[in-house]
Amino acid sequence: MYYLIIAACFCIAIAIVDLITYRIPDILLISFAIVMIILIGRQPYNVLILRLVASAVSFLLFGAVWYFTKGIGFGDVKFAAVLGYLLGPGRLAYAFIATALLGFIVYLIGMKIFRWSKTKKIPYAPFLSSGAIVSLFINNNLIGGLM
């Protein structure tokens with residue numbers, strides 16, 4: 001359970017930095033990855049392999065969005081890969097759904113209420129962080145499971 005709190009703290013820190021600077025520092029991502037590897041590393045090999053696969057899928061999925069649309073930054077791609085390892089394949093689906101819904105709702109509110117232009121830059125790490133935190137606590141406490 002303690003690694004959930006540590007992961008949430010990293011997610012919040014990354015979200016705040018991205019909100020302020022529109023960048024995610026590599027040192028923060030590397031620190032997050034190392035801490036999660038150390039804390040989660042005592043699992044059966046098949047679970048670790050699934051986490052690595054989830055990390056690779058996250059990297060490829062967000063990498064494709066970055067490469068083809070330039071709608072997100074490469075820091076978001078790296079952050080998604082770290083979250084893929086942290087969450088594993090089961091929680092990753094919840095996180096991406098929550099991320100997409102939250103981003104969509106904020107974008108609609110911004111367009112309608114605040115009259116944002118369609119080209120307004122919006123940092124994506126806060127949405128990734130929120131989706132990860134939601135999936136960590138909902139899946140762990142309400143649904144349970146190994147992943």
# chains A, B, ... in the order shown; residues from 1 in each chain; ligands from 1
$ residues_around --residues "A:Phe96" --least-positions-apart "5" --cutoff "9 Å" --atoms "only C-alpha atoms" --output "PDB file with C-alpha atoms, in the first residue's frame"
ATOM      1  CA  ARG A  91      -4.972  -0.785 -14.169  1.00  0.00           C
ATOM      2  CA  LEU A 101     -12.515  11.453 -20.041  1.00  0.00           C
ATOM      3  CA  LEU A 128      -2.163  11.266 -16.983  1.00  0.00           C
ATOM      4  CA  GLY A 131      -5.972   8.892 -14.386  1.00  0.00           C
ATOM      5  CA  ALA A 132      -3.121   6.946 -12.774  1.00  0.00           C
ATOM      6  CA  SER A 135      -6.846   3.703 -11.263  1.00  0.00           C
TER       7      SER A 135
END
$ residues_around --residues "stretch 30-38 of chain A" --least-positions-apart "4" --cutoff "9 Å" --atoms "only C-alpha atoms" --output "PyMOL selection string"
chain A and resi 3+6-7+10-11+25-26+42+82-83+85-86
$ write_last_selection --atoms "N, CA and C atoms" --output "PDB file, in the first residue's frame"
ATOM      1  N   TYR A   3       3.557   1.954  -1.566  1.00  0.00           N
ATOM      2  CA  TYR A   3       4.027   2.386  -2.879  1.00  0.00           C
ATOM      3  C   TYR A   3       2.953   3.193  -3.611  1.00  0.00           C
ATOM      4  N   ILE A   6       3.548   6.791  -2.512  1.00  0.00           N
ATOM      5  CA  ILE A   6       4.758   7.311  -3.147  1.00  0.00           C
ATOM      6  C   ILE A   6       4.493   7.593  -4.626  1.00  0.00           C
ATOM      7  N   ALA A   7       3.807   6.676  -5.308  1.00  0.00           N
ATOM      8  CA  ALA A   7       3.480   6.872  -6.723  1.00  0.00           C
ATOM      9  C   ALA A   7       2.574   8.091  -6.907  1.00  0.00           C
ATOM     10  N   PHE A  10       4.674  11.259  -6.665  1.00  0.00           N
ATOM     11  CA  PHE A  10       5.407  11.506  -7.910  1.00  0.00           C
ATOM     12  C   PHE A  10       4.470  12.036  -8.995  1.00  0.00           C
ATOM     13  N   CYS A  11       3.299  11.436  -9.122  1.00  0.00           N
ATOM     14  CA  CYS A  11       2.334  11.881 -10.137  1.00  0.00           C
ATOM     15  C   CYS A  11       1.918  13.326  -9.915  1.00  0.00           C
ATOM     16  N   PRO A  25      10.615  17.094 -16.460  1.00  0.00           N
ATOM     17  CA  PRO A  25      12.058  16.867 -16.387  1.00  0.00           C
ATOM     18  C   PRO A  25      12.397  15.375 -16.369  1.00  0.00           C
ATOM     19  N   ASP A  26      13.424  15.016 -17.137  1.00  0.00           N
ATOM     20  CA  ASP A  26      13.855  13.617 -17.186  1.00  0.00           C
ATOM     21  C   ASP A  26      14.282  13.109 -15.818  1.00  0.00           C
ATOM     22  N   ARG A  42       9.632  -6.982  -6.334  1.00  0.00           N
ATOM     23  CA  ARG A  42       9.517  -8.271  -5.640  1.00  0.00           C
ATOM     24  C   ARG A  42       8.225  -8.987  -6.001  1.00  0.00           C
ATOM     25  N   VAL A  82       6.380   5.001 -17.954  1.00  0.00           N
ATOM     26  CA  VAL A  82       6.593   4.755 -16.518  1.00  0.00           C
ATOM     27  C   VAL A  82       5.281   4.327 -15.862  1.00  0.00           C
ATOM     28  N   LEU A  83       4.192   5.001 -16.237  1.00  0.00           N
ATOM     29  CA  LEU A  83       2.890   4.629 -15.680  1.00  0.00           C
ATOM     30  C   LEU A  83       2.483   3.228 -16.128  1.00  0.00           C
ATOM     31  N   TYR A  85       4.440   0.680 -16.507  1.00  0.00           N
ATOM     32  CA  TYR A  85       5.103  -0.252 -15.596  1.00  0.00           C
ATOM     33  C   TYR A  85       4.447  -0.218 -14.219  1.00  0.00           C
ATOM     34  N   LEU A  86       4.170   0.973 -13.725  1.00  0.00           N
ATOM     35  CA  LEU A  86       3.565   1.115 -12.401  1.00  0.00           C
ATOM     36  C   LEU A  86       2.209   0.428 -12.332  1.00  0.00           C
TER      37      LEU A  86
END
$ closest_residue --among "A:Phe127, A:Phe137, A:Phe68, A:Phe79" --to "A:Ile97" --atoms "only C-alpha atoms"
A:Phe127
$ atom_distance --atom1 "atom CA of A:Tyr107" --atom2 "atom CA of A:Leu19"
14.7 Å
$ residues_around --residues "A:Ile16" --least-positions-apart "2" --cutoff "12 Å" --atoms "only C-alpha atoms" --output "list in words"
Cys9, Phe10, Cys11, Ile12, Ala13, Ile14, Asp18, Leu19, Ile20, Thr21, Tyr22, Arg23, Ile24, Pro25, Leu28, Pro123, Tyr124, Ala125, Pro126, Phe127, Leu128, Ser129 and Ser130 of chain A
$ write_last_selection --atoms "N, CA, C and O atoms" --output "PDB file, in the first residue's frame"
ATOM      1  N   CYS A   9       2.438  10.719  -5.010  1.00  0.00           N
ATOM      2  CA  CYS A   9       3.256  11.919  -4.792  1.00  0.00           C
ATOM      3  C   CYS A   9       4.070  12.263  -6.036  1.00  0.00           C
ATOM      4  O   CYS A   9       4.154  13.434  -6.425  1.00  0.00           O
ATOM      5  N   PHE A  10       4.674  11.259  -6.665  1.00  0.00           N
ATOM      6  CA  PHE A  10       5.407  11.506  -7.910  1.00  0.00           C
ATOM      7  C   PHE A  10       4.470  12.036  -8.995  1.00  0.00           C
ATOM      8  O   PHE A  10       4.817  12.972  -9.720  1.00  0.00           O
ATOM      9  N   CYS A  11       3.299  11.436  -9.122  1.00  0.00           N
ATOM     10  CA  CYS A  11       2.334  11.881 -10.137  1.00  0.00           C
ATOM     11  C   CYS A  11       1.918  13.326  -9.915  1.00  0.00           C
ATOM     12  O   CYS A  11       1.839  14.117 -10.862  1.00  0.00           O
ATOM     13  N   ILE A  12       1.680  13.688  -8.675  1.00  0.00           N
ATOM     14  CA  ILE A  12       1.286  15.059  -8.357  1.00  0.00           C
ATOM     15  C   ILE A  12       2.429  16.029  -8.661  1.00  0.00           C
ATOM     16  O   ILE A  12       2.217  17.095  -9.248  1.00  0.00           O
ATOM     17  N   ALA A  13       3.649  15.652  -8.296  1.00  0.00           N
ATOM     18  CA  ALA A  13       4.807  16.507  -8.575  1.00  0.00           C
ATOM     19  C   ALA A  13       4.991  16.708 -10.081  1.00  0.00           C
ATOM     20  O   ALA A  13       5.218  17.837 -10.543  1.00  0.00           O
ATOM     21  N   ILE A  14       4.877  15.636 -10.841  1.00  0.00           N
ATOM     22  CA  ILE A  14       5.022  15.732 -12.298  1.00  0.00           C
ATOM     23  C   ILE A  14       3.917  16.603 -12.884  1.00  0.00           C
ATOM     24  O   ILE A  14       4.162  17.425 -13.775  1.00  0.00           O
ATOM     25  N   ASP A  18       4.568  20.113 -14.891  1.00  0.00           N
ATOM     26  CA  ASP A  18       4.082  20.246 -16.267  1.00  0.00           C
ATOM     27  C   ASP A  18       3.106  21.414 -16.406  1.00  0.00           C
ATOM     28  O   ASP A  18       3.118  22.129 -17.406  1.00  0.00           O
ATOM     29  N   LEU A  19       2.265  21.632 -15.406  1.00  0.00           N
ATOM     30  CA  LEU A  19       1.346  22.776 -15.432  1.00  0.00           C
ATOM     31  C   LEU A  19       2.101  24.101 -15.478  1.00  0.00           C
ATOM     32  O   LEU A  19       1.701  25.031 -16.173  1.00  0.00           O
ATOM     33  N   ILE A  20       3.189  24.181 -14.751  1.00  0.00           N
ATOM     34  CA  ILE A  20       3.936  25.435 -14.648  1.00  0.00           C
ATOM     35  C   ILE A  20       4.870  25.633 -15.851  1.00  0.00           C
ATOM     36  O   ILE A  20       4.937  26.733 -16.400  1.00  0.00           O
ATOM     37  N   THR A  21       5.566  24.571 -16.258  1.00  0.00           N
ATOM     38  CA  THR A  21       6.636  24.728 -17.256  1.00  0.00           C
ATOM     39  C   THR A  21       6.320  24.151 -18.631  1.00  0.00           C
ATOM     40  O   THR A  21       7.083  24.375 -19.565  1.00  0.00           O
ATOM     41  N   TYR A  22       5.251  23.378 -18.741  1.00  0.00           N
ATOM     42  CA  TYR A  22       4.926  22.652 -19.976  1.00  0.00           C
ATOM     43  C   TYR A  22       6.036  21.668 -20.352  1.00  0.00           C
ATOM     44  O   TYR A  22       6.230  21.352 -21.510  1.00  0.00           O
ATOM     45  N   ARG A  23       6.751  21.194 -19.367  1.00  0.00           N
ATOM     46  CA  ARG A  23       7.810  20.207 -19.561  1.00  0.00           C
ATOM     47  C   ARG A  23       7.801  19.243 -18.381  1.00  0.00           C
ATOM     48  O   ARG A  23       7.421  19.598 -17.271  1.00  0.00           O
ATOM     49  N   ILE A  24       8.268  18.017 -18.660  1.00  0.00           N
ATOM     50  CA  ILE A  24       8.437  17.024 -17.595  1.00  0.00           C
ATOM     51  C   ILE A  24       9.933  16.706 -17.533  1.00  0.00           C
ATOM     52  O   ILE A  24      10.469  16.111 -18.474  1.00  0.00           O
ATOM     53  N   PRO A  25      10.615  17.094 -16.460  1.00  0.00           N
ATOM     54  CA  PRO A  25      12.058  16.867 -16.387  1.00  0.00           C
ATOM     55  C   PRO A  25      12.397  15.375 -16.369  1.00  0.00           C
ATOM     56  O   PRO A  25      11.746  14.583 -15.672  1.00  0.00           O
ATOM     57  N   LEU A  28      13.059  13.740 -12.968  1.00  0.00           N
ATOM     58  CA  LEU A  28      11.866  13.366 -12.216  1.00  0.00           C
ATOM     59  C   LEU A  28      11.305  12.032 -12.714  1.00  0.00           C
ATOM     60  O   LEU A  28      10.936  11.166 -11.917  1.00  0.00           O
ATOM     61  N   PRO A 123      -1.222  21.286 -20.913  1.00  0.00           N
ATOM     62  CA  PRO A 123      -0.319  20.214 -20.482  1.00  0.00           C
ATOM     63  C   PRO A 123      -1.104  18.928 -20.211  1.00  0.00           C
ATOM     64  O   PRO A 123      -2.182  18.966 -19.622  1.00  0.00           O
ATOM     65  N   TYR A 124      -0.552  17.809 -20.655  1.00  0.00           N
ATOM     66  CA  TYR A 124      -1.282  16.544 -20.554  1.00  0.00           C
ATOM     67  C   TYR A 124      -0.902  15.717 -19.324  1.00  0.00           C
ATOM     68  O   TYR A 124      -1.661  14.849 -18.899  1.00  0.00           O
ATOM     69  N   ALA A 125       0.247  15.992 -18.726  1.00  0.00           N
ATOM     70  CA  ALA A 125       0.671  15.202 -17.561  1.00  0.00           C
ATOM     71  C   ALA A 125      -0.312  15.271 -16.394  1.00  0.00           C
ATOM     72  O   ALA A 125      -0.501  14.259 -15.707  1.00  0.00           O
ATOM     73  N   PRO A 126      -0.975  16.409 -16.144  1.00  0.00           N
ATOM     74  CA  PRO A 126      -1.954  16.395 -15.053  1.00  0.00           C
ATOM     75  C   PRO A 126      -3.090  15.393 -15.294  1.00  0.00           C
ATOM     76  O   PRO A 126      -3.581  14.773 -14.349  1.00  0.00           O
ATOM     77  N   PHE A 127      -3.480  15.221 -16.541  1.00  0.00           N
ATOM     78  CA  PHE A 127      -4.530  14.254 -16.848  1.00  0.00           C
ATOM     79  C   PHE A 127      -4.006  12.827 -16.700  1.00  0.00           C
ATOM     80  O   PHE A 127      -4.697  11.953 -16.166  1.00  0.00           O
ATOM     81  N   LEU A 128      -2.771  12.589 -17.165  1.00  0.00           N
ATOM     82  CA  LEU A 128      -2.163  11.266 -16.983  1.00  0.00           C
ATOM     83  C   LEU A 128      -2.021  10.949 -15.489  1.00  0.00           C
ATOM     84  O   LEU A 128      -2.314   9.832 -15.057  1.00  0.00           O
ATOM     85  N   SER A 129      -1.585  11.931 -14.727  1.00  0.00           N
ATOM     86  CA  SER A 129      -1.420  11.729 -13.282  1.00  0.00           C
ATOM     87  C   SER A 129      -2.756  11.433 -12.617  1.00  0.00           C
ATOM     88  O   SER A 129      -2.863  10.515 -11.798  1.00  0.00           O
ATOM     89  N   SER A 130      -3.768  12.195 -12.969  1.00  0.00           N
ATOM     90  CA  SER A 130      -5.096  11.987 -12.381  1.00  0.00           C
ATOM     91  C   SER A 130      -5.635  10.606 -12.724  1.00  0.00           C
ATOM     92  O   SER A 130      -6.167   9.904 -11.859  1.00  0.00           O
TER      93      SER A 130
END
$ select_by_dssp --residues "chain A" --states "helix (DSSP H, G or I)" --output "PDB file with C-alpha atoms, in the first residue's frame"
ATOM      1  CA  TYR A   2       2.882   2.387   0.751  1.00  0.00           C
ATOM      2  CA  TYR A   3       4.027   2.386  -2.879  1.00  0.00           C
ATOM      3  CA  LEU A   4       0.620   3.805  -3.876  1.00  0.00           C
ATOM      4  CA  ILE A   5       1.232   6.903  -1.773  1.00  0.00           C
ATOM      5  CA  ILE A   6       4.758   7.311  -3.147  1.00  0.00           C
ATOM      6  CA  ALA A   7       3.480   6.872  -6.723  1.00  0.00           C
ATOM      7  CA  ALA A   8       0.708   9.413  -6.110  1.00  0.00           C
ATOM      8  CA  CYS A   9       3.256  11.919  -4.792  1.00  0.00           C
ATOM      9  CA  PHE A  10       5.407  11.506  -7.910  1.00  0.00           C
ATOM     10  CA  CYS A  11       2.334  11.881 -10.137  1.00  0.00           C
ATOM     11  CA  ILE A  12       1.286  15.059  -8.357  1.00  0.00           C
ATOM     12  CA  ALA A  13       4.807  16.507  -8.575  1.00  0.00           C
ATOM     13  CA  ILE A  14       5.022  15.732 -12.298  1.00  0.00           C
ATOM     14  CA  ALA A  15       1.582  17.253 -12.882  1.00  0.00           C
ATOM     15  CA  ILE A  16       2.505  20.471 -11.070  1.00  0.00           C
ATOM     16  CA  VAL A  17       5.803  20.842 -12.914  1.00  0.00           C
ATOM     17  CA  ASP A  18       4.082  20.246 -16.267  1.00  0.00           C
ATOM     18  CA  LEU A  19       1.346  22.776 -15.432  1.00  0.00           C
ATOM     19  CA  ILE A  20       3.936  25.435 -14.648  1.00  0.00           C
ATOM     20  CA  THR A  21       6.636  24.728 -17.256  1.00  0.00           C
ATOM     21  CA  ASP A  26      13.855  13.617 -17.186  1.00  0.00           C
ATOM     22  CA  ILE A  27      15.364  13.516 -13.700  1.00  0.00           C
ATOM     23  CA  LEU A  28      11.866  13.366 -12.216  1.00  0.00           C
ATOM     24  CA  LEU A  29      10.803  10.584 -14.599  1.00  0.00           C
ATOM     25  CA  ILE A  30      13.995   8.595 -14.033  1.00  0.00           C
ATOM     26  CA  SER A  31      13.636   8.941 -10.257  1.00  0.00           C
ATOM     27  CA  PHE A  32      10.010   7.818 -10.475  1.00  0.00           C
ATOM     28  CA  ALA A  33      10.948   4.815 -12.611  1.00  0.00           C
ATOM     29  CA  ILE A  34      13.803   3.731 -10.340  1.00  0.00           C
ATOM     30  CA  VAL A  35      11.712   4.035  -7.184  1.00  0.00           C
ATOM     31  CA  MET A  36       8.855   2.046  -8.746  1.00  0.00           C
ATOM     32  CA  ILE A  37      11.213  -0.669 -10.016  1.00  0.00           C
ATOM     33  CA  ILE A  38      12.668  -1.025  -6.521  1.00  0.00           C
ATOM     34  CA  LEU A  39       9.280  -1.015  -4.762  1.00  0.00           C
ATOM     35  CA  ILE A  40       7.451  -3.258  -7.228  1.00  0.00           C
ATOM     36  CA  TYR A  45       8.513 -12.837 -13.082  1.00  0.00           C
ATOM     37  CA  ASN A  46       5.335 -13.268 -15.093  1.00  0.00           C
ATOM     38  CA  VAL A  47       3.838 -10.195 -13.390  1.00  0.00           C
ATOM     39  CA  LEU A  48       6.999  -8.173 -14.029  1.00  0.00           C
ATOM     40  CA  ILE A  49       6.924  -9.229 -17.695  1.00  0.00           C
ATOM     41  CA  LEU A  50       3.305  -8.054 -17.949  1.00  0.00           C
ATOM     42  CA  ARG A  51       4.305  -4.734 -16.403  1.00  0.00           C
ATOM     43  CA  LEU A  52       7.128  -4.347 -18.918  1.00  0.00           C
ATOM     44  CA  VAL A  53       4.741  -5.169 -21.761  1.00  0.00           C
ATOM     45  CA  ALA A  54       2.275  -2.576 -20.446  1.00  0.00           C
ATOM     46  CA  SER A  55       5.119  -0.058 -20.332  1.00  0.00           C
ATOM     47  CA  ALA A  56       6.117  -0.831 -23.917  1.00  0.00           C
ATOM     48  CA  VAL A  57       2.513  -0.639 -25.151  1.00  0.00           C
ATOM     49  CA  SER A  58       2.063   2.719 -23.397  1.00  0.00           C
ATOM     50  CA  PHE A  59       5.274   4.012 -24.927  1.00  0.00           C
ATOM     51  CA  LEU A  60       4.278   2.865 -28.420  1.00  0.00           C
ATOM     52  CA  LEU A  61       0.716   4.166 -28.152  1.00  0.00           C
ATOM     53  CA  PHE A  62       1.674   7.603 -26.868  1.00  0.00           C
ATOM     54  CA  GLY A  63       4.737   7.625 -29.110  1.00  0.00           C
ATOM     55  CA  ALA A  64       2.478   7.183 -32.132  1.00  0.00           C
ATOM     56  CA  VAL A  65       0.283  10.072 -30.973  1.00  0.00           C
ATOM     57  CA  TRP A  66       3.393  12.218 -30.471  1.00  0.00           C
ATOM     58  CA  TYR A  67       4.933  11.258 -33.807  1.00  0.00           C
ATOM     59  CA  PHE A  68       1.854  11.617 -35.990  1.00  0.00           C
ATOM     60  CA  THR A  69       0.017  14.528 -34.350  1.00  0.00           C
ATOM     61  CA  PHE A  74       7.729  13.514 -25.686  1.00  0.00           C
ATOM     62  CA  GLY A  75       7.795  13.882 -21.891  1.00  0.00           C
ATOM     63  CA  ASP A  76       4.199  12.653 -21.883  1.00  0.00           C
ATOM     64  CA  VAL A  77       5.312   9.615 -23.888  1.00  0.00           C
ATOM     65  CA  LYS A  78       8.013   8.783 -21.354  1.00  0.00           C
ATOM     66  CA  PHE A  79       5.631   9.432 -18.461  1.00  0.00           C
ATOM     67  CA  ALA A  80       3.077   7.063 -20.011  1.00  0.00           C
ATOM     68  CA  ALA A  81       5.767   4.368 -20.211  1.00  0.00           C
ATOM     69  CA  VAL A  82       6.593   4.755 -16.518  1.00  0.00           C
ATOM     70  CA  LEU A  83       2.890   4.629 -15.680  1.00  0.00           C
ATOM     71  CA  GLY A  84       2.549   1.484 -17.800  1.00  0.00           C
ATOM     72  CA  TYR A  85       5.103  -0.252 -15.596  1.00  0.00           C
ATOM     73  CA  LEU A  86       3.565   1.115 -12.401  1.00  0.00           C
ATOM     74  CA  LEU A  87      -0.017   0.208 -13.267  1.00  0.00           C
ATOM     75  CA  GLY A  88       0.381  -3.000 -15.239  1.00  0.00           C
ATOM     76  CA  PRO A  89      -2.061  -3.968 -17.972  1.00  0.00           C
ATOM     77  CA  GLY A  90      -5.155  -4.196 -15.759  1.00  0.00           C
ATOM     78  CA  ARG A  91      -4.972  -0.785 -14.169  1.00  0.00           C
ATOM     79  CA  LEU A  92      -3.583   0.838 -17.309  1.00  0.00           C
ATOM     80  CA  ALA A  93      -6.913   0.501 -19.095  1.00  0.00           C
ATOM     81  CA  TYR A  94      -8.688   2.275 -16.212  1.00  0.00           C
ATOM     82  CA  ALA A  95      -6.045   4.999 -16.178  1.00  0.00           C
ATOM     83  CA  PHE A  96      -6.266   5.707 -19.914  1.00  0.00           C
ATOM     84  CA  ILE A  97     -10.059   5.820 -19.826  1.00  0.00           C
ATOM     85  CA  ALA A  98     -10.016   8.211 -16.845  1.00  0.00           C
ATOM     86  CA  THR A  99      -7.291  10.293 -18.527  1.00  0.00           C
ATOM     87  CA  ALA A 100      -9.225  10.629 -21.769  1.00  0.00           C
ATOM     88  CA  LEU A 101     -12.515  11.453 -20.041  1.00  0.00           C
ATOM     89  CA  LEU A 102     -10.979  14.040 -17.737  1.00  0.00           C
ATOM     90  CA  GLY A 103      -9.045  15.672 -20.579  1.00  0.00           C
ATOM     91  CA  PHE A 104     -12.152  15.802 -22.729  1.00  0.00           C
ATOM     92  CA  ILE A 105     -14.270  17.329 -19.955  1.00  0.00           C
ATOM     93  CA  VAL A 106     -11.654  19.991 -19.163  1.00  0.00           C
ATOM     94  CA  TYR A 107     -11.242  20.803 -22.851  1.00  0.00           C
ATOM     95  CA  LEU A 108     -15.007  21.186 -23.328  1.00  0.00           C
ATOM     96  CA  ILE A 109     -15.335  23.389 -20.260  1.00  0.00           C
ATOM     97  CA  GLY A 110     -12.415  25.501 -21.424  1.00  0.00           C
ATOM     98  CA  MET A 111     -13.907  25.889 -24.903  1.00  0.00           C
ATOM     99  CA  LYS A 112     -17.408  26.751 -23.693  1.00  0.00           C
ATOM    100  CA  ALA A 125       0.671  15.202 -17.561  1.00  0.00           C
ATOM    101  CA  PRO A 126      -1.954  16.395 -15.053  1.00  0.00           C
ATOM    102  CA  PHE A 127      -4.530  14.254 -16.848  1.00  0.00           C
ATOM    103  CA  LEU A 128      -2.163  11.266 -16.983  1.00  0.00           C
ATOM    104  CA  SER A 129      -1.420  11.729 -13.282  1.00  0.00           C
ATOM    105  CA  SER A 130      -5.096  11.987 -12.381  1.00  0.00           C
ATOM    106  CA  GLY A 131      -5.972   8.892 -14.386  1.00  0.00           C
ATOM    107  CA  ALA A 132      -3.121   6.946 -12.774  1.00  0.00           C
ATOM    108  CA  ILE A 133      -4.107   7.986  -9.252  1.00  0.00           C
ATOM    109  CA  VAL A 134      -7.759   7.125  -9.888  1.00  0.00           C
ATOM    110  CA  SER A 135      -6.846   3.703 -11.263  1.00  0.00           C
ATOM    111  CA  LEU A 136      -4.411   2.979  -8.431  1.00  0.00           C
ATOM    112  CA  PHE A 137      -6.897   3.590  -5.666  1.00  0.00           C
ATOM    113  CA  ILE A 138     -10.105   2.416  -7.339  1.00  0.00           C
ATOM    114  CA  ASN A 139      -8.639  -0.829  -8.618  1.00  0.00           C
ATOM    115  CA  ASN A 140      -6.677  -1.553  -5.472  1.00  0.00           C
ATOM    116  CA  ASN A 141      -9.417  -0.839  -2.957  1.00  0.00           C
ATOM    117  CA  LEU A 142     -12.654  -1.675  -4.760  1.00  0.00           C
ATOM    118  CA  ILE A 143     -11.795  -4.300  -7.340  1.00  0.00           C
TER     119      ILE A 143
END
